[in-house]
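The structure appears right after this line, and notes come after that.
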Amino acid sequence: MKIIGICFIILGLIECLISKISCSSLCRNCNSVDLKPCFFLFIFAGILLIISGFSLYLTKYKKFPKIKIKNEKRS
């Protein structure tokens with residue numbers, strides 16, 4: 001699970017870093033005066049990926065004890 005968490009963190013960082021480029025390619029008529037909602041959407045998606053990656057990376061699994069079942073004949 002730690003490898004998957006690291007992958008999510010890397011994807012979130014890439015998403016945050018290229019959000020300006022991807023927003024400008026989607027919105028041709030946006031300028032600096034506009035709020036650029038697609039930019040905030042990409043940043044939000046990147047932050048969500050980073051948070052989910054950290055939560056997967058920091059989870060600890062407990063190993064449960066193995067239970068042996070005895071097969072005995074009932075009388």
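Residue names in the structure tokens use chain letters A, B, ... in the order shown, residue numbers from 1 in each chain, and ligand numbers from 1 in the order shown.
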
All alpha helix (DSSP H) residues (DSSP, backbone) inside stretch 7-75 of chain A, as a PDB file with N, CA and C atoms, in the first residue's frame:
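As a result, result.pdb now contains:
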ATOM      1  N   CYS A   7       2.706   6.692  -5.276  1.00  0.00           N
ATOM      2  CA  CYS A   7       2.247   7.008  -6.635  1.00  0.00           C
ATOM      3  C   CYS A   7       1.174   8.097  -6.626  1.00  0.00           C
ATOM      4  N   PHE A   8       0.250   8.029  -5.668  1.00  0.00           N
ATOM      5  CA  PHE A   8      -0.774   9.069  -5.561  1.00  0.00           C
ATOM      6  C   PHE A   8      -0.158  10.422  -5.216  1.00  0.00           C
ATOM      7  N   ILE A   9       0.841  10.436  -4.359  1.00  0.00           N
ATOM      8  CA  ILE A   9       1.503  11.686  -3.998  1.00  0.00           C
ATOM      9  C   ILE A   9       2.198  12.282  -5.220  1.00  0.00           C
ATOM     10  N   ILE A  10       2.883  11.449  -5.984  1.00  0.00           N
ATOM     11  CA  ILE A  10       3.568  11.932  -7.182  1.00  0.00           C
ATOM     12  C   ILE A  10       2.564  12.448  -8.209  1.00  0.00           C
ATOM     13  N   LEU A  11       1.453  11.720  -8.397  1.00  0.00           N
ATOM     14  CA  LEU A  11       0.415  12.190  -9.324  1.00  0.00           C
ATOM     15  C   LEU A  11      -0.186  13.518  -8.877  1.00  0.00           C
ATOM     16  N   GLY A  12      -0.388  13.690  -7.580  1.00  0.00           N
ATOM     17  CA  GLY A  12      -0.926  14.948  -7.067  1.00  0.00           C
ATOM     18  C   GLY A  12       0.027  16.103  -7.278  1.00  0.00           C
ATOM     19  N   LEU A  13       1.317  15.867  -7.076  1.00  0.00           N
ATOM     20  CA  LEU A  13       2.296  16.926  -7.315  1.00  0.00           C
ATOM     21  C   LEU A  13       2.376  17.301  -8.792  1.00  0.00           C
ATOM     22  N   ILE A  14       2.327  16.295  -9.664  1.00  0.00           N
ATOM     23  CA  ILE A  14       2.332  16.583 -11.103  1.00  0.00           C
ATOM     24  C   ILE A  14       1.084  17.350 -11.492  1.00  0.00           C
ATOM     25  N   GLU A  15      -0.051  16.953 -10.931  1.00  0.00           N
ATOM     26  CA  GLU A  15      -1.314  17.642 -11.223  1.00  0.00           C
ATOM     27  C   GLU A  15      -1.257  19.107 -10.791  1.00  0.00           C
ATOM     28  N   CYS A  16      -0.686  19.364  -9.630  1.00  0.00           N
ATOM     29  CA  CYS A  16      -0.592  20.748  -9.155  1.00  0.00           C
ATOM     30  C   CYS A  16       0.394  21.556  -9.990  1.00  0.00           C
ATOM     31  N   LEU A  17       1.472  20.921 -10.428  1.00  0.00           N
ATOM     32  CA  LEU A  17       2.488  21.658 -11.183  1.00  0.00           C
ATOM     33  C   LEU A  17       2.045  21.988 -12.604  1.00  0.00           C
ATOM     34  N   SER A  19      -1.117  22.348 -13.621  1.00  0.00           N
ATOM     35  CA  SER A  19      -2.498  22.843 -13.660  1.00  0.00           C
ATOM     36  C   SER A  19      -2.609  24.139 -14.455  1.00  0.00           C
ATOM     37  N   LYS A  20      -1.609  24.991 -14.403  1.00  0.00           N
ATOM     38  CA  LYS A  20      -1.644  26.252 -15.155  1.00  0.00           C
ATOM     39  C   LYS A  20      -1.629  25.971 -16.659  1.00  0.00           C
ATOM     40  N   ILE A  21      -0.812  25.018 -17.082  1.00  0.00           N
ATOM     41  CA  ILE A  21      -0.728  24.683 -18.504  1.00  0.00           C
ATOM     42  C   ILE A  21      -2.020  24.045 -18.987  1.00  0.00           C
ATOM     43  N   SER A  22      -2.549  23.111 -18.204  1.00  0.00           N
ATOM     44  CA  SER A  22      -3.766  22.425 -18.620  1.00  0.00           C
ATOM     45  C   SER A  22      -4.972  23.356 -18.590  1.00  0.00           C
ATOM     46  N   CYS A  23      -4.999  24.311 -17.685  1.00  0.00           N
ATOM     47  CA  CYS A  23      -6.114  25.260 -17.650  1.00  0.00           C
ATOM     48  C   CYS A  23      -6.062  26.194 -18.852  1.00  0.00           C
ATOM     49  N   SER A  24      -4.874  26.660 -19.208  1.00  0.00           N
ATOM     50  CA  SER A  24      -4.771  27.566 -20.359  1.00  0.00           C
ATOM     51  C   SER A  24      -5.101  26.845 -21.661  1.00  0.00           C
ATOM     52  N   SER A  25      -4.862  25.543 -21.725  1.00  0.00           N
ATOM     53  CA  SER A  25      -5.211  24.808 -22.940  1.00  0.00           C
ATOM     54  C   SER A  25      -6.719  24.550 -23.023  1.00  0.00           C
ATOM     55  N   LEU A  26      -7.391  24.446 -21.885  1.00  0.00           N
ATOM     56  CA  LEU A  26      -8.843  24.236 -21.901  1.00  0.00           C
ATOM     57  C   LEU A  26      -9.615  25.528 -22.116  1.00  0.00           C
ATOM     58  N   PRO A  37     -11.914  29.074 -13.073  1.00  0.00           N
ATOM     59  CA  PRO A  37     -12.390  27.975 -12.222  1.00  0.00           C
ATOM     60  C   PRO A  37     -11.742  26.638 -12.551  1.00  0.00           C
ATOM     61  N   CYS A  38     -11.310  26.444 -13.795  1.00  0.00           N
ATOM     62  CA  CYS A  38     -10.653  25.173 -14.119  1.00  0.00           C
ATOM     63  C   CYS A  38      -9.299  25.071 -13.414  1.00  0.00           C
ATOM     64  N   PHE A  39      -8.617  26.183 -13.217  1.00  0.00           N
ATOM     65  CA  PHE A  39      -7.341  26.180 -12.499  1.00  0.00           C
ATOM     66  C   PHE A  39      -7.548  25.722 -11.057  1.00  0.00           C
ATOM     67  N   PHE A  40      -8.573  26.251 -10.404  1.00  0.00           N
ATOM     68  CA  PHE A  40      -8.865  25.844  -9.029  1.00  0.00           C
ATOM     69  C   PHE A  40      -9.317  24.389  -8.961  1.00  0.00           C
ATOM     70  N   LEU A  41     -10.008  23.918  -9.995  1.00  0.00           N
ATOM     71  CA  LEU A  41     -10.438  22.525 -10.036  1.00  0.00           C
ATOM     72  C   LEU A  41      -9.233  21.586 -10.127  1.00  0.00           C
ATOM     73  N   PHE A  42      -8.264  21.930 -10.960  1.00  0.00           N
ATOM     74  CA  PHE A  42      -7.060  21.101 -11.078  1.00  0.00           C
ATOM     75  C   PHE A  42      -6.220  21.141  -9.805  1.00  0.00           C
ATOM     76  N   ILE A  43      -6.121  22.300  -9.178  1.00  0.00           N
ATOM     77  CA  ILE A  43      -5.394  22.405  -7.910  1.00  0.00           C
ATOM     78  C   ILE A  43      -6.088  21.565  -6.834  1.00  0.00           C
ATOM     79  N   PHE A  44      -7.424  21.638  -6.782  1.00  0.00           N
ATOM     80  CA  PHE A  44      -8.195  20.868  -5.803  1.00  0.00           C
ATOM     81  C   PHE A  44      -8.012  19.371  -6.023  1.00  0.00           C
ATOM     82  N   ALA A  45      -8.034  18.934  -7.289  1.00  0.00           N
ATOM     83  CA  ALA A  45      -7.828  17.508  -7.584  1.00  0.00           C
ATOM     84  C   ALA A  45      -6.420  17.077  -7.187  1.00  0.00           C
ATOM     85  N   GLY A  46      -5.430  17.921  -7.407  1.00  0.00           N
ATOM     86  CA  GLY A  46      -4.066  17.602  -7.005  1.00  0.00           C
ATOM     87  C   GLY A  46      -3.914  17.484  -5.506  1.00  0.00           C
ATOM     88  N   ILE A  47      -4.551  18.390  -4.776  1.00  0.00           N
ATOM     89  CA  ILE A  47      -4.488  18.348  -3.315  1.00  0.00           C
ATOM     90  C   ILE A  47      -5.179  17.098  -2.780  1.00  0.00           C
ATOM     91  N   LEU A  48      -6.309  16.720  -3.381  1.00  0.00           N
ATOM     92  CA  LEU A  48      -6.998  15.496  -2.965  1.00  0.00           C
ATOM     93  C   LEU A  48      -6.143  14.262  -3.217  1.00  0.00           C
ATOM     94  N   LEU A  49      -5.437  14.223  -4.345  1.00  0.00           N
ATOM     95  CA  LEU A  49      -4.556  13.090  -4.618  1.00  0.00           C
ATOM     96  C   LEU A  49      -3.407  13.029  -3.614  1.00  0.00           C
ATOM     97  N   ILE A  50      -2.858  14.176  -3.258  1.00  0.00           N
ATOM     98  CA  ILE A  50      -1.758  14.205  -2.293  1.00  0.00           C
ATOM     99  C   ILE A  50      -2.235  13.730  -0.923  1.00  0.00           C
ATOM    100  N   ILE A  51      -3.396  14.188  -0.482  1.00  0.00           N
ATOM    101  CA  ILE A  51      -3.929  13.796   0.829  1.00  0.00           C
ATOM    102  C   ILE A  51      -4.256  12.304   0.856  1.00  0.00           C
ATOM    103  N   SER A  52      -4.867  11.796  -0.209  1.00  0.00           N
ATOM    104  CA  SER A  52      -5.174  10.360  -0.228  1.00  0.00           C
ATOM    105  C   SER A  52      -3.893   9.528  -0.300  1.00  0.00           C
ATOM    106  N   GLY A  53      -2.874  10.035  -0.979  1.00  0.00           N
ATOM    107  CA  GLY A  53      -1.596   9.330  -1.015  1.00  0.00           C
ATOM    108  C   GLY A  53      -0.938   9.266   0.344  1.00  0.00           C
ATOM    109  N   PHE A  54      -0.983  10.374   1.093  1.00  0.00           N
ATOM    110  CA  PHE A  54      -0.416  10.370   2.443  1.00  0.00           C
ATOM    111  C   PHE A  54      -1.186   9.429   3.364  1.00  0.00           C
ATOM    112  N   SER A  55      -2.504   9.395   3.214  1.00  0.00           N
ATOM    113  CA  SER A  55      -3.277   8.500   4.081  1.00  0.00           C
ATOM    114  C   SER A  55      -2.994   7.037   3.759  1.00  0.00           C
ATOM    115  N   LEU A  56      -2.795   6.710   2.483  1.00  0.00           N
ATOM    116  CA  LEU A  56      -2.426   5.335   2.137  1.00  0.00           C
ATOM    117  C   LEU A  56      -1.018   5.007   2.595  1.00  0.00           C
ATOM    118  N   TYR A  57      -0.122   5.968   2.511  1.00  0.00           N
ATOM    119  CA  TYR A  57       1.263   5.736   2.898  1.00  0.00           C
ATOM    120  C   TYR A  57       1.409   5.533   4.403  1.00  0.00           C
ATOM    121  N   LEU A  58       0.597   6.218   5.185  1.00  0.00           N
ATOM    122  CA  LEU A  58       0.741   6.181   6.636  1.00  0.00           C
ATOM    123  C   LEU A  58      -0.086   5.097   7.320  1.00  0.00           C
TER     124      LEU A  58
END

Worksheet item: In Å, how far is it from atom CA of A:Lys63 to atom CA of A:Ile6?
Response: 22.3 Å
